[in-house]
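One file, final-v8.txt, is given below (compact mmCIF, C-alpha atoms).
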```txt
# COMPACT_ATOMS: atom_id res chain seq x y z
CA MET A 1 62.72 117.92 77.63
CA ARG A 2 66.01 116.27 78.36
CA PHE A 3 66.82 114.17 81.35
CA SER A 4 70.19 114.53 82.87
CA ARG A 5 70.24 110.86 83.97
CA PRO A 6 68.52 107.75 82.74
CA ILE A 7 64.88 107.63 83.79
CA THR A 8 65.08 103.91 84.33
CA ARG A 9 67.26 104.30 87.38
CA PRO A 10 64.73 105.73 89.86
CA ILE A 11 62.09 103.29 88.63
CA ALA A 12 64.22 100.19 88.48
CA SER A 13 65.82 100.74 91.82
CA PRO A 14 62.64 100.42 93.95
CA ILE A 15 61.55 97.43 91.88
CA ALA A 16 64.87 95.76 92.42
CA LEU A 17 64.65 96.48 96.13
CA ALA A 18 61.16 95.04 96.27
CA ILE A 19 62.21 91.89 94.47
CA SER A 20 65.22 91.57 96.71
CA GLY A 21 62.97 91.99 99.74
CA ILE A 22 60.63 89.26 98.55
CA ILE A 23 63.53 86.95 97.92
CA ARG A 24 64.75 87.58 101.45
CA GLY A 25 61.27 87.02 102.83
CA LYS A 26 60.93 90.68 103.69
CA ASN A 27 57.76 91.29 101.76
CA SER A 28 54.87 93.10 103.36
CA PHE A 29 53.47 89.96 104.95
CA ASN A 30 54.30 89.65 108.65
CA PRO A 31 53.70 86.25 110.30
CA LEU A 32 52.97 88.00 113.58
CA THR A 33 49.59 88.93 112.11
CA LEU A 34 48.75 85.22 112.42
CA SER A 35 49.29 85.37 116.21
CA PRO A 36 51.61 82.38 116.65
CA THR A 37 52.57 81.20 120.13
CA VAL A 38 56.22 81.28 119.14
CA MET A 39 58.14 83.06 116.39
CA PHE A 40 61.89 82.71 116.12
CA ASP A 41 63.61 84.61 113.32
CA MET A 42 67.24 83.61 113.06
CA SER A 43 68.01 86.38 110.57
CA ASP A 44 67.13 89.00 113.19
CA MET A 45 70.42 89.15 115.09
CA THR A 46 68.98 91.50 117.69
CA THR A 47 67.08 88.51 119.09
CA LEU A 48 70.15 86.29 119.54
CA TYR A 49 72.62 86.10 122.42
CA GLN A 50 75.69 83.93 122.87
CA ASP A 51 74.94 83.06 126.50
CA SER A 52 71.71 81.94 128.06
CA PHE A 53 71.51 85.02 130.30
CA GLY A 54 71.48 87.37 127.34
CA THR A 55 74.52 89.37 128.32
CA THR A 56 76.59 88.85 125.15
CA PRO A 57 74.82 89.60 121.86
CA VAL A 58 75.43 87.55 118.75
CA THR A 59 77.15 89.93 116.37
CA ALA A 60 78.18 87.69 113.47
CA ALA A 61 77.74 84.31 111.92
CA GLY A 62 79.88 81.60 113.45
CA GLN A 63 79.00 82.47 117.04
CA PRO A 64 77.08 80.20 119.43
CA VAL A 65 73.47 80.94 120.35
CA GLY A 66 72.52 80.44 123.99
CA LEU A 67 69.38 82.56 124.02
CA MET A 68 66.92 83.23 121.23
CA LEU A 69 64.13 85.71 121.85
CA ASP A 70 60.60 84.93 120.78
CA LYS A 71 59.08 87.73 118.69
CA SER A 72 55.48 86.55 118.99
CA GLN A 73 54.59 89.10 121.63
CA GLY A 74 56.38 92.03 120.09
CA LEU A 75 59.49 92.13 122.27
CA VAL A 76 58.20 95.14 124.11
CA LEU A 77 59.53 95.64 127.61
CA GLY A 78 56.96 95.93 130.36
CA PRO A 79 56.98 98.55 133.11
CA ASP A 80 59.83 98.86 135.57
CA VAL A 81 58.91 96.78 138.63
CA SER A 82 61.90 97.71 140.78
CA PRO A 83 60.76 98.99 144.19
CA LYS A 84 61.84 102.67 143.97
CA THR A 85 61.55 102.90 147.73
CA THR A 86 63.36 101.76 150.84
CA THR A 87 60.23 100.01 152.06
CA GLY A 88 60.31 96.23 151.91
CA TRP A 89 64.07 95.77 151.90
CA THR A 90 65.68 93.42 154.40
CA LEU A 91 68.82 95.09 155.72
CA THR A 92 71.74 93.52 157.53
CA ASN A 93 74.31 95.80 159.16
CA ALA A 94 73.18 98.56 156.87
CA THR A 95 71.02 101.57 156.28
CA LEU A 96 69.38 102.31 152.96
CA THR A 97 68.23 105.58 151.47
CA TYR A 98 66.56 106.35 148.15
CA THR A 99 66.77 109.78 146.55
CA ASP A 100 66.05 110.79 142.98
CA GLY A 101 66.27 107.24 141.68
CA VAL A 102 69.50 106.37 143.46
CA TYR A 103 69.89 104.04 146.42
CA ARG A 104 72.68 104.39 148.97
CA LEU A 105 73.64 101.43 151.11
CA THR A 106 75.79 102.31 154.13
CA ALA A 107 77.56 99.88 156.46
CA LEU A 108 76.88 100.25 160.17
CA THR A 109 79.70 98.26 161.75
CA ASP A 110 83.36 97.58 161.11
CA GLY A 111 84.23 94.14 159.74
CA VAL A 112 80.70 92.95 159.02
CA GLU A 113 79.12 92.42 155.62
CA ALA A 114 76.36 94.88 154.80
CA THR A 115 73.48 93.68 152.64
CA ALA A 116 70.16 94.81 151.28
CA VAL A 117 67.77 92.26 149.86
CA PHE A 118 64.48 92.88 148.13
CA THR A 119 62.07 90.17 147.01
CA LEU A 120 59.28 91.07 144.66
CA SER A 121 56.05 89.61 145.97
CA ASN A 122 53.61 87.99 143.56
CA VAL A 123 55.85 88.52 140.58
CA ILE A 124 56.76 85.19 139.14
CA VAL A 125 58.78 85.37 135.99
CA ASN A 126 57.18 83.17 133.40
CA MET A 127 58.84 84.77 130.44
CA GLY A 128 61.92 86.87 129.93
CA PHE A 129 62.98 89.43 132.42
CA LYS A 130 65.42 92.21 131.73
CA GLN A 131 67.26 93.99 134.47
CA GLN A 132 69.88 96.61 134.38
CA LEU A 133 72.22 97.66 137.17
CA ASN A 134 74.44 100.65 137.52
CA PHE A 135 76.74 101.18 140.46
CA ALA A 136 77.08 104.91 140.57
CA ALA A 137 79.55 105.73 143.31
CA LYS A 138 81.22 104.44 146.42
CA GLY A 139 82.56 105.78 149.65
CA ARG A 140 86.09 105.38 150.97
CA SER A 141 87.97 105.56 147.71
CA GLY A 142 91.27 103.87 147.13
CA THR A 143 90.43 100.57 148.72
CA SER A 144 89.16 97.30 147.38
CA LEU A 145 85.90 98.05 149.06
CA LEU A 146 83.13 96.56 147.09
CA ASP A 147 81.86 93.27 146.00
CA GLU A 148 78.71 92.27 144.40
CA GLY A 149 75.81 92.88 142.22
CA TYR A 150 72.39 91.46 142.31
CA PHE A 151 70.55 88.66 140.74
CA ILE A 152 67.35 87.03 139.85
CA ALA A 153 66.70 83.65 141.36
CA ASN A 154 64.12 81.04 141.95
CA ASP A 155 62.50 80.88 145.35
CA THR A 156 65.71 79.97 147.11
CA PHE A 157 68.95 81.85 146.94
CA ALA A 158 70.62 78.49 146.42
CA GLY A 159 69.16 78.58 142.96
CA ALA A 160 70.57 81.98 142.21
CA ARG A 161 71.46 82.74 138.69
CA GLY A 162 72.07 85.77 136.60
CA ILE A 163 74.66 87.52 138.70
CA PHE A 164 75.85 89.92 136.08
CA TRP A 165 78.03 92.29 137.97
CA LYS A 166 80.66 91.28 140.41
CA TYR A 167 83.58 93.03 141.90
CA ASN A 168 86.86 92.22 140.29
CA PRO A 169 89.56 92.46 142.94
CA THR A 170 92.25 92.85 140.30
CA THR A 171 90.85 96.16 139.12
CA THR A 172 91.31 99.38 140.99
CA ASN A 173 88.01 100.90 140.06
CA PHE A 174 84.81 99.08 140.80
CA LEU A 175 82.66 101.37 138.74
CA LYS A 176 81.27 99.65 135.70
CA THR A 177 79.31 100.72 132.74
CA PRO A 178 75.65 99.87 133.06
CA SER A 179 75.15 96.19 132.62
CA SER A 180 72.05 94.30 131.77
CA ALA A 181 70.87 90.77 131.36
CA LEU A 182 67.86 88.77 130.36
CA VAL A 183 67.72 86.10 132.98
CA GLY A 184 64.14 85.11 133.58
CA ARG A 185 62.99 81.54 133.56
CA VAL A 186 59.59 80.00 134.07
CA GLY A 187 58.88 79.86 137.79
CA ASP A 188 61.58 82.29 138.79
CA LYS A 189 60.92 84.69 141.58
CA ILE A 190 62.87 87.90 141.64
CA HIS A 191 65.28 88.75 144.39
CA TRP A 192 67.66 91.65 144.33
CA ASN A 193 70.63 91.37 146.58
CA ILE A 194 73.13 94.16 147.07
CA ARG A 195 76.18 93.36 149.15
CA LEU A 196 78.78 95.73 150.45
CA GLY A 197 82.07 94.23 151.43
CA ASN A 198 85.58 93.83 150.20
CA GLY A 199 86.85 91.29 147.75
CA ALA A 200 87.98 88.89 150.44
CA GLY A 201 84.80 87.75 152.07
CA PHE A 202 82.54 90.75 152.42
CA ALA A 203 83.90 91.51 155.87
CA GLY A 204 86.24 94.36 155.18
CA ASN A 205 83.79 97.17 155.75
CA LEU A 206 84.32 100.07 158.03
CA ALA A 207 81.32 101.78 159.53
CA GLY A 208 80.19 104.48 157.14
CA ASP A 209 81.38 102.80 153.96
CA TRP A 210 78.75 103.13 151.30
CA ILE A 211 77.77 102.49 147.71
CA GLU A 212 75.22 104.14 145.50
CA PHE A 213 73.37 102.24 142.85
CA SER A 214 70.30 102.28 140.66
CA PHE A 215 68.54 99.54 138.79
CA THR A 216 65.49 98.59 136.81
CA GLY A 217 63.63 95.36 136.14
CA GLN A 218 61.20 94.80 133.30
CA ASN A 219 59.39 91.81 131.92
CA LEU A 220 60.09 90.94 128.31
CA PRO A 221 57.10 88.85 127.28
CA GLY A 222 57.73 85.90 125.00
CA ASN A 223 58.45 82.18 125.00
CA HIS A 224 62.19 82.54 124.65
CA ALA A 225 64.47 79.58 123.91
CA SER A 226 67.73 79.06 125.75
CA GLN A 227 70.56 76.63 126.42
CA PRO A 228 72.51 77.06 129.68
CA THR A 229 75.13 74.46 128.75
CA ALA A 230 77.85 75.90 126.53
CA GLY A 231 78.58 72.59 124.81
CA LYS A 232 74.99 72.25 123.62
CA ARG A 233 74.55 75.57 121.85
CA PRO A 234 73.97 75.77 118.09
CA ILE A 235 75.98 78.07 115.85
CA LEU A 236 74.56 80.92 113.78
CA GLN A 237 75.33 80.15 110.19
CA GLU A 238 75.32 82.45 107.15
CA SER A 239 75.17 81.43 103.53
CA GLY A 240 74.39 83.76 100.65
CA GLY A 241 73.13 86.42 103.03
CA LEU A 242 70.72 84.00 104.71
CA TYR A 243 71.05 83.19 108.39
CA SER A 244 70.10 79.95 110.10
CA LEU A 245 70.88 77.97 113.22
CA LYS A 246 73.15 74.99 112.79
CA PHE A 247 72.82 72.25 115.40
CA ASP A 248 75.59 69.66 115.63
CA GLY A 249 73.24 66.69 115.37
CA VAL A 250 74.74 65.21 118.52
CA ASP A 251 73.59 67.09 121.60
CA ASP A 252 72.85 70.70 120.61
CA ALA A 253 69.39 71.98 121.47
CA LEU A 254 67.51 75.13 122.42
CA VAL A 255 64.70 74.66 124.91
CA THR A 256 61.56 76.73 125.29
CA THR A 257 59.56 76.39 128.49
CA PHE A 258 55.94 77.43 128.40
CA PRO A 259 53.81 78.59 131.32
CA SER A 260 51.45 75.70 130.56
CA SER A 261 51.19 72.80 128.12
CA LEU A 262 50.37 73.75 124.53
CA GLY A 263 48.51 70.46 124.13
CA ALA A 264 47.73 68.31 121.09
CA GLY A 265 47.20 69.45 117.53
CA CYS A 266 49.95 72.06 117.44
CA THR A 267 51.56 73.06 114.14
CA VAL A 268 55.30 73.58 113.83
CA CYS A 269 56.45 75.67 110.87
CA ARG A 270 60.07 75.93 109.83
CA SER A 271 62.07 77.51 107.07
CA LEU A 272 64.65 74.88 106.27
CA PRO A 273 67.94 75.67 104.51
CA GLY A 274 67.72 74.63 100.88
CA THR A 275 64.21 73.28 101.32
CA GLY A 276 62.03 76.17 102.40
CA ALA A 277 58.73 75.78 104.14
CA SER A 278 58.20 72.76 106.35
CA ILE A 279 54.84 72.63 108.11
CA THR A 280 54.10 69.79 110.51
CA THR A 281 50.62 69.49 111.95
CA GLY A 282 49.27 67.32 114.73
CA VAL A 283 52.21 67.84 117.07
CA THR A 284 51.69 67.44 120.80
CA ILE A 285 53.72 69.92 122.82
CA GLY A 286 53.85 69.90 126.60
CA THR A 287 55.39 72.56 128.78
CA THR A 288 58.71 72.41 126.96
CA PHE A 289 59.79 72.36 123.34
CA THR A 290 63.25 71.17 122.42
CA ASP A 291 64.49 72.41 119.07
CA ASN A 292 67.46 70.85 117.30
CA VAL A 293 66.56 71.32 113.63
CA ASN A 294 68.62 73.62 111.40
CA ALA A 295 66.33 76.43 110.27
CA HIS A 296 66.06 80.06 109.25
CA ALA A 297 62.82 80.57 111.14
CA LEU A 298 60.50 78.65 113.45
CA LEU A 299 56.89 79.30 114.34
CA ILE A 300 54.54 77.32 116.56
CA PHE A 301 50.77 77.54 116.53
CA THR A 302 48.40 75.89 118.97
CA ALA A 303 45.50 73.88 117.56
CA GLU A 304 43.14 76.81 118.07
CA GLN A 305 45.48 79.31 116.45
CA TRP A 306 46.07 77.10 113.42
CA ALA A 307 42.37 76.34 112.99
CA ALA A 308 41.67 80.05 112.82
CA LEU A 309 43.83 80.50 109.71
CA ASP A 310 42.34 80.38 106.25
CA ALA A 311 43.98 78.97 103.12
CA GLY A 312 45.15 82.38 101.98
CA GLN A 313 46.95 83.05 105.24
CA ILE A 314 48.63 79.66 105.17
CA ALA A 315 49.72 80.29 101.59
CA LYS A 316 51.24 83.62 102.61
CA LEU A 317 53.01 81.95 105.52
CA THR A 318 54.37 79.28 103.20
CA THR A 319 55.67 81.94 100.81
CA TRP A 320 57.27 83.79 103.71
CA LEU A 321 58.98 80.62 104.97
CA ASN A 322 60.26 79.89 101.48
CA GLY A 323 61.51 83.46 101.22
CA ARG A 324 63.45 83.09 104.45
CA ALA A 325 65.29 80.21 102.76
CA GLY A 326 65.92 82.28 99.64
CA LEU A 327 63.44 80.28 97.56
CA MET B 1 86.02 87.57 115.92
CA SER B 2 86.76 84.08 117.17
CA ALA B 3 85.61 81.44 114.75
CA TYR B 4 83.89 78.45 116.24
CA ASN B 5 85.34 76.15 113.64
CA LEU B 6 86.68 73.33 115.80
CA SER B 7 84.56 70.23 116.06
CA VAL B 8 85.21 68.90 119.56
CA VAL B 9 84.18 65.51 120.95
CA LEU B 10 84.84 64.82 124.62
CA LEU B 11 84.50 61.38 126.20
CA ILE B 12 85.00 60.25 129.78
CA PRO B 13 84.45 57.12 131.91
CA ASP B 14 81.47 57.13 134.21
CA ALA B 15 83.60 57.39 137.36
CA GLN B 16 84.90 60.82 136.36
CA ARG B 17 81.78 62.22 134.75
CA ASP B 18 80.61 64.29 137.71
CA LEU B 19 84.07 65.75 138.25
CA ILE B 20 84.57 66.76 134.62
CA ASN B 21 81.11 68.34 134.49
CA GLN B 22 81.93 70.17 137.71
CA TYR B 23 85.11 71.38 136.04
CA ALA B 24 83.24 72.61 132.97
CA GLU B 25 80.72 74.41 135.15
CA ALA B 26 83.51 76.03 137.12
CA LEU B 27 84.83 77.38 133.83
CA GLY B 28 81.45 79.00 133.20
CA TRP B 29 80.19 76.52 130.64
CA GLY B 30 76.98 75.63 132.45
CA PRO B 31 75.82 72.32 133.86
CA ASP B 32 75.87 68.79 132.50
CA ASN B 33 78.06 69.27 129.44
CA LEU B 34 78.92 65.58 129.08
CA SER B 35 75.43 64.14 129.06
CA ILE B 36 75.22 61.49 126.36
CA GLU B 37 75.39 58.00 127.84
CA LEU B 38 77.68 55.58 126.02
CA VAL B 39 78.65 51.95 126.48
CA HIS B 40 82.15 50.61 125.98
CA THR B 41 82.87 47.25 124.36
CA ASP B 42 83.95 46.03 127.80
CA GLY B 43 80.51 46.87 129.14
CA SER B 44 81.50 49.94 131.12
CA THR B 45 79.56 53.19 130.97
CA TRP B 46 81.06 56.33 129.44
CA TRP B 47 79.69 59.80 128.78
CA GLY B 48 80.26 62.18 125.91
CA CYS B 49 79.42 65.44 124.21
CA HIS B 50 80.09 67.39 121.06
CA THR B 51 80.53 71.11 120.72
CA MET B 52 81.91 73.64 118.27
CA ALA B 53 84.72 75.68 119.79
CA ASP B 54 87.18 78.40 118.86
CA GLU B 55 90.97 78.25 119.00
CA GLY B 56 90.96 79.23 122.65
CA PHE B 57 89.82 75.69 123.36
CA LEU B 58 93.13 74.32 122.07
CA GLU B 59 95.04 76.47 124.53
CA LEU B 60 92.73 75.30 127.27
CA MET B 61 93.31 71.66 126.42
CA SER B 62 97.07 72.07 126.35
CA SER B 63 97.18 73.95 129.61
CA PRO B 64 93.97 73.40 131.59
CA PRO B 65 93.16 76.27 133.93
CA GLU B 66 92.49 75.67 137.61
CA PRO B 67 89.22 77.45 138.27
CA ASP B 68 88.86 76.24 141.84
CA ALA B 69 91.87 75.88 144.09
CA GLU B 70 89.93 73.71 146.51
CA VAL B 71 89.12 70.99 143.99
CA ASP B 72 91.62 68.71 142.25
CA TYR B 73 90.30 68.05 138.76
CA THR B 74 93.38 66.11 137.70
CA PRO B 75 91.76 62.65 137.95
CA ALA B 76 89.11 63.67 135.44
CA LEU B 77 91.39 65.58 133.10
CA ALA B 78 93.82 62.65 133.04
CA VAL B 79 91.27 60.28 131.51
CA LEU B 80 89.37 62.76 129.34
CA VAL B 81 89.42 61.67 125.71
CA SER B 82 89.10 64.35 123.05
CA SER B 83 88.79 64.44 119.28
CA ILE B 84 89.27 67.89 117.77
CA VAL B 85 88.91 68.46 114.04
CA LEU B 86 89.32 71.83 112.34
CA ASN B 87 86.24 72.55 110.23
CA GLY B 88 85.13 69.04 111.01
CA ASP B 89 81.65 67.74 110.44
CA PRO B 90 80.14 67.30 113.91
CA LEU B 91 78.36 64.04 113.30
CA ALA B 92 81.28 62.50 111.40
CA ASN B 93 83.72 63.47 114.15
CA TRP B 94 81.35 62.14 116.79
CA ASN B 95 80.82 58.80 115.08
CA GLN B 96 84.53 58.39 114.36
CA ALA B 97 85.52 59.23 117.94
CA LEU B 98 83.05 56.71 119.30
CA ALA B 99 84.27 54.02 116.91
CA ASN B 100 87.92 54.73 117.71
CA ASN B 101 87.29 54.31 121.39
CA GLY B 102 85.02 51.26 121.26
CA LEU B 103 81.94 53.20 122.29
CA THR B 104 78.34 53.19 121.14
CA ARG B 105 75.46 55.39 122.11
CA THR B 106 72.98 53.75 124.45
CA GLU B 107 70.05 55.99 123.65
CA VAL B 108 69.12 59.04 121.65
CA ASN B 109 69.39 62.16 123.77
CA ASN B 110 68.62 65.48 122.21
CA GLY B 111 69.06 67.56 125.21
```

As structure tokens, what does this structure read like?
Amino acid sequence: MRFSRPITRPIASPIALAISGIIRGKNSFNPLTLSPTVMFDMSDMTTLYQDSFGTTPVTAAGQPVGLMLDKSQGLVLGPDVSPKTTTGWTLTNATLTYTDGVYRLTALTDGVEATAVFTLSNVIVNMGFKQQLNFAAKGRSGTSLLDEGYFIANDTFAGARGIFWKYNPTTTNFLKTPSSALVGRVGDKIHWNIRLGNGAGFAGNLAGDWIEFSFTGQNLPGNHASQPTAGKRPILQESGGLYSLKFDGVDDALVTTFPSSLGAGCTVCRSLPGTGASITTGVTIGTTFTDNVNAHALLIFTAEQWAALDAGQIAKLTTWLNGRAGL
Amino acid sequence: MSAYNLSVVLLIPDAQRDLINQYAEALGWGPDNLSIELVHTDGSTWWGCHTMADEGFLELMSSPPEPDAEVDYTPALAVLVSSIVLNGDPLANWNQALANNGLTRTEVNNG
């Protein structure tokens, strides 16, 4: 029998891939099997955003990181908790209908802002929260009719944050592509606020003006790290195919806020550039954790979680952390 | 893609700190950008920060935008001290800028 191509190729190729995967820390071991409280993986760019609201993804090395998603809970979105009804909305100078997943807000009076506000009861955001808004249509075309989007906020509107759609009076078409944001913070309470007005103070409505919109809101469980201040965000760095966060050593930091204190005896595991695994035990962590150490990966275990690991698991974790650093 | 390859140190006297932070927030940079407390050789308090920035920052520094017509940020911009180094090492730029302006850090602040 003759082979038309060298037999070594199909054999060597998978072996080479496997070795490459181990070098990159992509062997079969998954640290999530150890149930850490936090797992940040800087080489997974899908978990990184340039802004703290999560509206602008990190797409390449050299960009700032304002939000880093924690993978410890799987990054699986929860159910949509948007109301899907007209019940419970507070309306001002407006009527609201809901048909086939689309709301329509209609102004009642000339020259008065029309609003619809919905506050989710008993839903306190203690992790990430993803919402997506789509303005579908408007009435009275050809005018600068609409302002506004909606937002998530703490218990007072004064603390509003996460407005991620807003009318741009310089454009002629208010319709936008669907926009989304991850804007939850510990203690946030969710308000949705839809406003119908014009670009000059929300008072340009005529009776009968309307907009149609749809939206969703889903929890994204995890202890995500963020930095709202642009000047304090680290940069994603790449070297030899390995990604890590680079803090400036002056004031950069990413902050994780936990629903409750992690307590004493925590273990902080990092994959350090050029060094590999760094495991620090006996760390006391309260309700926040401020990270400013350059690393490829970061995991945090509570005292109970760490005590549950055996030597073999810790050895596998160490190998994985070394692999993330290319060692 | 814009490269964030400018090491930027910003320093400002205490009297203008709130105004310059208000300016930065108005530009969409979030709160409390200049947050590291410094002391001048004359005993006065200053504030500073370091960030990596792209080339757009140079345009901004040469022609500062006016994000809020109701607020005059000129007093703060007039006394803002900057040190911008292409591909600069953050810590080296920071330490050099402080030394050049007679400033020392009063406390370690990581956040």

Pull out every residue of chain B sitting within 6 Å of chain A, counting all atoms listed in the file, and send them as a JSON list (two decimals) with C-alpha atoms, keeping the file's coordinate frame.
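Heads up, here's the output in selection_20.json:
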```json
[["chain", "number", "residue", "atom", "x", "y", "z"],
["B", 3, "ALA", "CA", 85.61, 81.44, 114.75],
["B", 4, "TYR", "CA", 83.89, 78.45, 116.24],
["B", 29, "TRP", "CA", 80.19, 76.52, 130.64],
["B", 30, "GLY", "CA", 76.98, 75.63, 132.45],
["B", 31, "PRO", "CA", 75.82, 72.32, 133.86],
["B", 33, "ASN", "CA", 78.06, 69.27, 129.44],
["B", 51, "THR", "CA", 80.53, 71.11, 120.72],
["B", 90, "PRO", "CA", 80.14, 67.30, 113.91],
["B", 110, "ASN", "CA", 68.62, 65.48, 122.21],
["B", 111, "GLY", "CA", 69.06, 67.56, 125.21]]
```

>> Just checking: using only C-alpha atoms, which residue out of B:Leu19, B:Leu27, B:Ile12, B:Leu86 ends up closest to B:His40?
In response: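 Comparing B:Leu19, B:Leu27, B:Ile12, B:Leu86 against B:His40, the winner is B:Ile12.
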
> Pick from B:Val81, B:Val71, B:Ile20, B:Cys49: nearest to B:Trp94, with all atoms listed in the file counted?
Replying inline: B:Cys49

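Between atom CA of A:Thr287 and atom CA of B:Leu34 there is a distance of 24.5 Å.
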
Hey, can I get the axis-aligned box for stretch 298-301 of chain A? All listed atoms, 4 Å padding on each side, centre and edge lengths in Å to one decimal, as AutoDock Vina command-line options.
```
--center_x 55.6 --center_y 78.3 --center_z 115.0 --size_x 17.7 --size_y 10.0 --size_z 11.1
```

> In Å, how far is it from atom CA of A:Glu212 to atom CA of A:Leu105?
Replying inline: 6.4 Å

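Nearest residue to B:Ala97 among B:Gly56, B:Gly48, B:Pro65, B:Pro75 is B:Gly48, counting only C-alpha atoms.
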
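Across the structure, atom CA of B:Gly28 and atom CA of B:Met61 are spaced 15.5 Å apart.
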
I need every residue sitting at most 7 Å from the point (68.5, 86.3, 119.1) (coordinates as in the file, only C-alpha atoms considered), written as a compact mmCIF listing (two decimals) with C-alpha atoms, in the coordinates of the input.
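Below you can see part.txt, which holds the result:
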```
# COMPACT_ATOMS: atom_id res chain seq x y z
CA MET A 42 67.24 83.61 113.06
CA ASP A 44 67.13 89.00 113.19
CA MET A 45 70.42 89.15 115.09
CA THR A 46 68.98 91.50 117.69
CA THR A 47 67.08 88.51 119.09
CA LEU A 48 70.15 86.29 119.54
CA TYR A 49 72.62 86.10 122.42
CA LEU A 67 69.38 82.56 124.02
CA MET A 68 66.92 83.23 121.23
CA LEU A 69 64.13 85.71 121.85
```

> Pick the closest to B:Ile36 from B:Leu11, B:Met52, B:Pro64, B:Ala69: which is it, counting all atoms listed in the file?
Replying inline: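 Looking only at the distances to B:Ile36, the closest residue turns out to be B:Leu11.
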
>> Report as a PyMOL selection string all protein, DNA and RNA residues lying within 8 Å of B:Asn93, evaluated on all atoms listed in the file, omitting residues in the same chain fewer than 3 positions from it.
In response: chain B and resi 7-9+83-85+88-90+96-97

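For the residues A:Thr97, A:Thr318, A:Asn219, A:Gln237, ranking by smallest atom-to-atom distance to A:Pro31 using only C-alpha atoms places A:Thr318 first.
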